[in-house]
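Here is coords-v8.csv, consisting of CSV, C-alpha atoms:
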chain,number,residue,atom,x,y,z
A,1,MET,CA,50.2,-189.5,-30.0
A,2,TYR,CA,50.4,-192.5,-27.6
A,3,SER,CA,51.7,-195.9,-28.4
A,4,GLY,CA,51.5,-199.3,-26.7
A,5,VAL,CA,51.8,-203.0,-27.3
A,6,ILE,CA,49.1,-205.6,-27.6
A,7,LEU,CA,49.2,-208.1,-24.7
A,8,LYS,CA,46.0,-210.0,-25.5
A,9,LYS,CA,43.6,-210.5,-28.3
A,10,GLU,CA,40.7,-212.9,-27.8
A,11,LYS,CA,37.4,-213.5,-29.5
A,12,ILE,CA,34.8,-213.3,-26.7
A,13,ALA,CA,31.5,-213.2,-28.7
A,14,GLU,CA,30.3,-213.7,-32.3
A,15,HIS,CA,31.1,-210.2,-33.2
A,16,THR,CA,33.5,-209.0,-30.5
A,17,PHE,CA,37.2,-209.2,-29.7
A,18,HIS,CA,38.8,-208.4,-26.3
A,19,LEU,CA,41.9,-206.3,-26.8
A,20,LYS,CA,44.4,-205.7,-23.9
A,21,VAL,CA,47.0,-203.0,-24.4
A,22,GLN,CA,49.9,-201.9,-22.2
A,23,SER,CA,51.3,-198.4,-22.5
A,24,SER,CA,53.5,-196.3,-20.3
A,25,ASP,CA,51.7,-193.3,-21.9
A,26,PHE,CA,48.6,-194.2,-19.9
A,27,ALA,CA,50.3,-192.7,-16.9
A,28,GLN,CA,49.8,-189.3,-18.3
A,29,MET,CA,46.0,-189.4,-18.2
A,30,ASN,CA,43.6,-188.7,-15.3
A,31,TYR,CA,41.4,-191.7,-16.0
A,32,VAL,CA,37.7,-191.5,-15.4
A,33,PRO,CA,35.3,-194.4,-16.3
A,34,GLY,CA,33.7,-193.5,-19.6
A,35,PHE,CA,37.0,-192.6,-21.4
A,36,THR,CA,37.5,-193.5,-25.0
A,37,ALA,CA,40.6,-193.7,-27.2
A,38,ASP,CA,40.9,-193.1,-30.9
A,39,VAL,CA,42.9,-196.2,-31.9
A,40,TYR,CA,44.7,-196.2,-35.3
A,41,VAL,CA,43.8,-199.1,-37.5
A,42,GLY,CA,47.4,-199.4,-38.7
A,43,ASN,CA,50.7,-197.5,-38.3
A,44,PRO,CA,50.2,-193.7,-38.7
A,45,TYR,CA,54.0,-193.2,-39.0
A,46,ASP,CA,54.1,-195.5,-42.0
A,47,ASN,CA,50.8,-194.2,-43.4
A,48,PRO,CA,50.0,-190.5,-42.8
A,49,PHE,CA,46.4,-191.2,-44.0
A,50,CYS,CA,45.9,-194.0,-41.5
A,51,GLU,CA,42.4,-193.8,-40.0
A,52,HIS,CA,41.4,-194.3,-36.4
A,53,ARG,CA,38.3,-195.7,-34.7
A,54,LYS,CA,36.9,-194.7,-31.3
A,55,TYR,CA,36.8,-197.4,-28.7
A,56,SER,CA,35.6,-197.3,-25.1
A,57,PHE,CA,37.8,-198.3,-22.2
A,58,TRP,CA,36.4,-201.5,-20.8
A,59,ASN,CA,38.8,-201.5,-17.9
A,60,TYR,CA,42.0,-199.7,-16.8
A,61,ASP,CA,44.7,-200.8,-14.4
A,62,PRO,CA,46.8,-197.8,-13.3
A,63,VAL,CA,49.4,-200.1,-11.6
A,64,TYR,CA,50.4,-202.0,-14.7
A,65,HIS,CA,49.3,-199.3,-17.2
A,66,THR,CA,47.0,-201.7,-19.1
A,67,ALA,CA,43.7,-201.0,-20.7
A,68,ASP,CA,41.0,-203.4,-22.0
A,69,PHE,CA,38.8,-202.7,-25.0
A,70,ALA,CA,35.9,-204.6,-26.6
A,71,LEU,CA,36.0,-204.2,-30.4
A,72,CYS,CA,32.9,-205.1,-32.4
A,73,THR,CA,33.1,-206.4,-35.9
A,74,PHE,CA,29.5,-206.0,-37.1
A,75,SER,CA,30.3,-203.6,-39.9
A,76,ASN,CA,33.3,-205.6,-41.3
A,77,GLY,CA,34.9,-202.1,-41.8
A,78,LYS,CA,38.5,-201.0,-41.4
A,79,GLY,CA,38.4,-201.4,-37.6
A,80,ALA,CA,36.9,-204.8,-37.8
A,81,ARG,CA,39.5,-206.0,-40.3
A,82,TRP,CA,42.3,-204.5,-38.3
A,83,ILE,CA,41.4,-206.3,-35.0
A,84,GLN,CA,41.0,-209.6,-36.9
A,85,SER,CA,44.5,-209.4,-38.3
A,86,ALA,CA,46.2,-207.8,-35.2
A,87,GLN,CA,48.6,-210.0,-33.3
A,88,VAL,CA,49.9,-210.1,-29.7
A,89,GLY,CA,53.2,-208.3,-29.4
A,90,GLU,CA,52.4,-205.8,-32.2
A,91,PRO,CA,52.5,-202.0,-31.5
A,92,VAL,CA,49.2,-200.1,-31.4
A,93,TYR,CA,48.9,-196.3,-31.7
A,94,PHE,CA,46.2,-194.0,-30.3
A,95,ASN,CA,45.4,-190.4,-29.5
A,96,GLN,CA,45.3,-189.1,-25.9
A,97,PRO,CA,42.3,-190.8,-24.2
A,98,GLN,CA,39.4,-188.6,-23.2
A,99,GLY,CA,35.6,-188.8,-22.9
A,100,LYS,CA,32.2,-187.1,-22.7
A,101,LEU,CA,30.0,-190.0,-21.6
A,102,LEU,CA,31.7,-190.2,-18.2
A,103,VAL,CA,30.6,-191.7,-14.9
A,104,ASP,CA,28.6,-189.2,-12.8
A,105,ASN,CA,27.9,-190.1,-9.2
A,106,THR,CA,25.6,-187.1,-8.4
A,107,ALA,CA,22.3,-188.9,-8.8
A,108,ASP,CA,20.5,-191.5,-6.6
A,109,ASN,CA,19.3,-193.7,-9.4
A,110,TYR,CA,20.7,-194.9,-12.7
A,111,LEU,CA,19.4,-196.6,-15.8
A,112,LEU,CA,22.0,-198.2,-18.2
A,113,ILE,CA,20.4,-198.9,-21.6
A,114,GLY,CA,22.2,-200.1,-24.7
A,115,ASP,CA,23.0,-202.8,-27.2
A,116,VAL,CA,26.1,-204.9,-27.7
A,117,THR,CA,28.1,-202.1,-29.3
A,118,SER,CA,27.9,-200.1,-26.1
A,119,LEU,CA,28.1,-203.0,-23.7
A,120,SER,CA,31.7,-202.6,-22.6
A,121,HIS,CA,31.2,-198.9,-22.0
A,122,LEU,CA,28.1,-199.6,-19.8
A,123,TYR,CA,30.0,-202.3,-17.9
A,124,GLU,CA,32.8,-199.8,-17.1
A,125,LEU,CA,30.3,-197.1,-16.0
A,126,HIS,CA,28.5,-199.6,-13.8
A,127,ARG,CA,31.7,-200.5,-12.0
A,128,GLY,CA,32.4,-196.7,-11.6
A,129,ILE,CA,29.0,-195.9,-10.1
A,130,THR,CA,29.1,-195.9,-6.3
A,131,ILE,CA,27.9,-199.2,-4.9
A,132,SER,CA,25.3,-197.5,-2.7
A,133,LYS,CA,23.4,-196.2,-5.8
A,134,ASN,CA,20.3,-197.8,-7.3
A,135,VAL,CA,21.3,-199.1,-10.8
A,136,ARG,CA,18.9,-200.8,-13.3
A,137,SER,CA,19.8,-201.9,-16.7
A,138,PHE,CA,18.4,-203.1,-20.0
A,139,ILE,CA,20.8,-204.5,-22.7
A,140,TYR,CA,19.1,-205.6,-25.9
A,141,THR,CA,20.5,-207.9,-28.6
A,142,GLU,CA,19.0,-209.9,-31.5
A,143,CYS,CA,21.3,-212.8,-30.9
A,144,ASN,CA,22.4,-214.3,-27.6
A,145,ASP,CA,25.8,-215.3,-29.1
A,146,ASP,CA,26.7,-211.6,-29.3
A,147,LEU,CA,26.6,-211.1,-25.6
A,148,PHE,CA,29.7,-211.2,-23.4
A,149,ALA,CA,30.2,-211.0,-19.6
A,150,ASP,CA,31.9,-208.2,-17.9
A,151,ILE,CA,35.7,-208.5,-17.6
A,152,ASP,CA,35.6,-209.6,-14.0
A,153,GLN,CA,31.9,-210.7,-14.0
A,154,SER,CA,31.3,-208.7,-10.8
A,155,PHE,CA,28.6,-206.3,-12.0
A,156,PRO,CA,26.3,-208.1,-14.5
A,157,LEU,CA,23.7,-206.2,-16.5
A,158,ASP,CA,20.2,-207.3,-17.4
A,159,CYS,CA,20.2,-208.7,-20.9
A,160,HIS,CA,17.3,-209.3,-23.3
A,161,VAL,CA,17.3,-211.1,-26.7
A,162,ILE,CA,14.9,-208.8,-28.6
A,163,SER,CA,14.9,-207.1,-32.0
A,164,ALA,CA,16.2,-203.6,-32.0
A,165,LYS,CA,13.8,-202.9,-34.9
A,166,SER,CA,10.8,-203.3,-32.5
A,167,VAL,CA,11.5,-199.8,-31.1
A,168,THR,CA,8.0,-199.4,-29.6
A,169,GLU,CA,8.2,-202.7,-27.8
A,170,ASN,CA,11.7,-201.9,-26.5
A,171,VAL,CA,10.6,-198.6,-25.1
A,172,LYS,CA,7.6,-200.1,-23.4
A,173,GLN,CA,9.8,-202.8,-21.7
A,174,ILE,CA,12.4,-200.3,-20.7
A,175,LEU,CA,9.8,-197.9,-19.3
A,176,LEU,CA,8.6,-200.6,-16.9
A,177,LEU,CA,12.0,-200.1,-15.1
A,178,SER,CA,11.2,-196.5,-14.7
A,179,GLU,CA,8.2,-196.0,-12.4
A,180,ASN,CA,10.3,-193.7,-10.3
A,181,VAL,CA,12.7,-191.5,-12.3
A,182,GLU,CA,13.3,-188.9,-9.6
A,183,ASN,CA,16.9,-187.9,-9.5
A,184,THR,CA,17.8,-190.5,-12.2
A,185,ILE,CA,20.6,-190.3,-14.7
A,186,VAL,CA,19.8,-192.3,-17.9
A,187,TYR,CA,22.8,-193.6,-19.9
A,188,ASN,CA,21.2,-194.5,-23.3
A,189,PHE,CA,23.5,-195.9,-25.9
A,190,GLY,CA,23.3,-198.2,-28.9
A,191,ASP,CA,21.0,-198.5,-31.9
A,192,PRO,CA,20.2,-195.0,-33.2
A,193,GLY,CA,16.5,-195.5,-33.7
A,194,VAL,CA,16.1,-197.1,-30.3
A,195,CYS,CA,18.2,-194.4,-28.6
A,196,MET,CA,16.1,-191.6,-30.0
A,197,ALA,CA,12.8,-193.3,-29.1
A,198,ILE,CA,13.9,-193.9,-25.6
A,199,HIS,CA,15.3,-190.4,-25.3
A,200,ALA,CA,12.0,-188.9,-26.4
A,201,ALA,CA,10.0,-191.1,-24.0
A,202,PHE,CA,12.0,-190.1,-21.0
A,203,LYS,CA,12.0,-186.4,-22.0
A,204,ASN,CA,8.3,-186.1,-23.0
A,205,GLU,CA,6.5,-188.7,-20.9
A,206,TYR,CA,8.7,-188.8,-17.7
A,207,HIS,CA,10.1,-185.2,-17.9
A,208,VAL,CA,13.6,-186.3,-17.0
A,209,PRO,CA,15.8,-183.2,-17.2
A,210,LEU,CA,17.9,-183.0,-20.4
A,211,LYS,CA,21.1,-182.8,-18.2
A,212,ASN,CA,20.3,-186.3,-16.9
A,213,LEU,CA,19.7,-187.9,-20.4
A,214,ARG,CA,23.1,-189.1,-21.6
A,215,THR,CA,22.1,-190.3,-25.1
A,216,LYS,CA,24.6,-191.5,-27.7
A,217,PRO,CA,24.1,-193.8,-30.7
A,218,PHE,CA,26.9,-196.4,-31.0
A,219,TRP,CA,27.2,-197.2,-34.7
A,220,LYS,CA,27.6,-200.8,-35.9
Can I see the file as structure tokens?
Amino acid sequence: MYSGVILKKEKIAEHTFHLKVQSSDFAQMNYVPGFTADVYVGNPYDNPFCEHRKYSFWNYDPVYHTADFALCTFSNGKGARWIQSAQVGEPVYFNQPQGKLLVDNTADNYLLIGDVTSLSHLYELHRGITISKNVRSFIYTECNDDLFADIDQSFPLDCHVISAKSVTENVKQILLLSENVENTIVYNFGDPGVCMAIHAAFKNEYHVPLKNLRTKPFWK
């Protein structure tokens, strides 16, 4: 188990907090953009039944061993309540960071698709993709107040205020980005219904190989 200290906690959107953690344990990992950490919503040494929540690395600084996370509070569950009460200077505990939805620079073209719950993960992937690549994006949200800029605002994504319930409409707008899907990796995260509709469209209509469809619902 890793441990660190909270250096910063700031509310950056209607349902999102920015958390910065410093830990010497970070030096043990071979970081790749797309890593996640299982963060305990309490002290697992005091409470052996303490639960954890999975959060994406938004940014990592290997010099100062600091990591940034964007924690959403849509559900008002245990993770949401923990971040609202957490204070700067307090310890934080987490398992060894790892990941499956990692940056992959083997394609020529990229599509980054998701909602606010996946926004920090997509920002980090975007910064990890080689600058010579062709990157297009479609971020959807029902409320503009839920959006937040990237940590250094260097690689913005294309954001749209649109209902996630209008799955068919979302798919049509996203497919407009995809006239050429040759050698394209599609990172498709966020609302489960929208994710599956987009995944099916790229698979069945555009015949994108399954190995290039990186689909993962991010639950609110």
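Relative to atom CA of Asp68 of chain A, atom CA of Ala27 of chain A is found at 15.1 Å.
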Correct to one decimal, the distance atom CA of Lys165 of chain A-atom CA of Gly193 of chain A is 8.0 Å
Determine, counting all atoms listed in the file, which protein, DNA and RNA residues have an atom within 6 Å of an atom of segment 152-163 of chain A; residues of the same chain fewer than 3 positions away are not included. Present the result as a VMD selection string.
-> chain A and resid 137 to 142 149 166
Residue with the minimum atom-to-atom distance to Ile113 of chain A, picked from A:Asn204, A:Asn188, A:Gln84, A:Thr73 with all atoms listed in the file counted, is A:Asn188
Atomic separation - atom CA of His199 of chain A relative to atom CA of Leu175 of chain A, Å = 11.1 Å
Name the residues in contact with Leu7 of chain A at a cut-off of 12 Å, using all atoms listed in the file, excluding same-chain residues fewer than 6 positions from it; report them as a PyMOL selection string.
-> chain A and resi 18-23+64-69+86-92
Between A:Ile131, A:Ile185, A:Leu176, A:Ile151, smallest distance to Ile12 of chain A by only C-alpha atoms belongs to A:Ile151
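Using only C-alpha atoms, the shortest contact distance between Ala80 of chain A and any of A:Tyr123, A:Phe26, A:Tyr31, A:Tyr55 is found at A:Tyr55.
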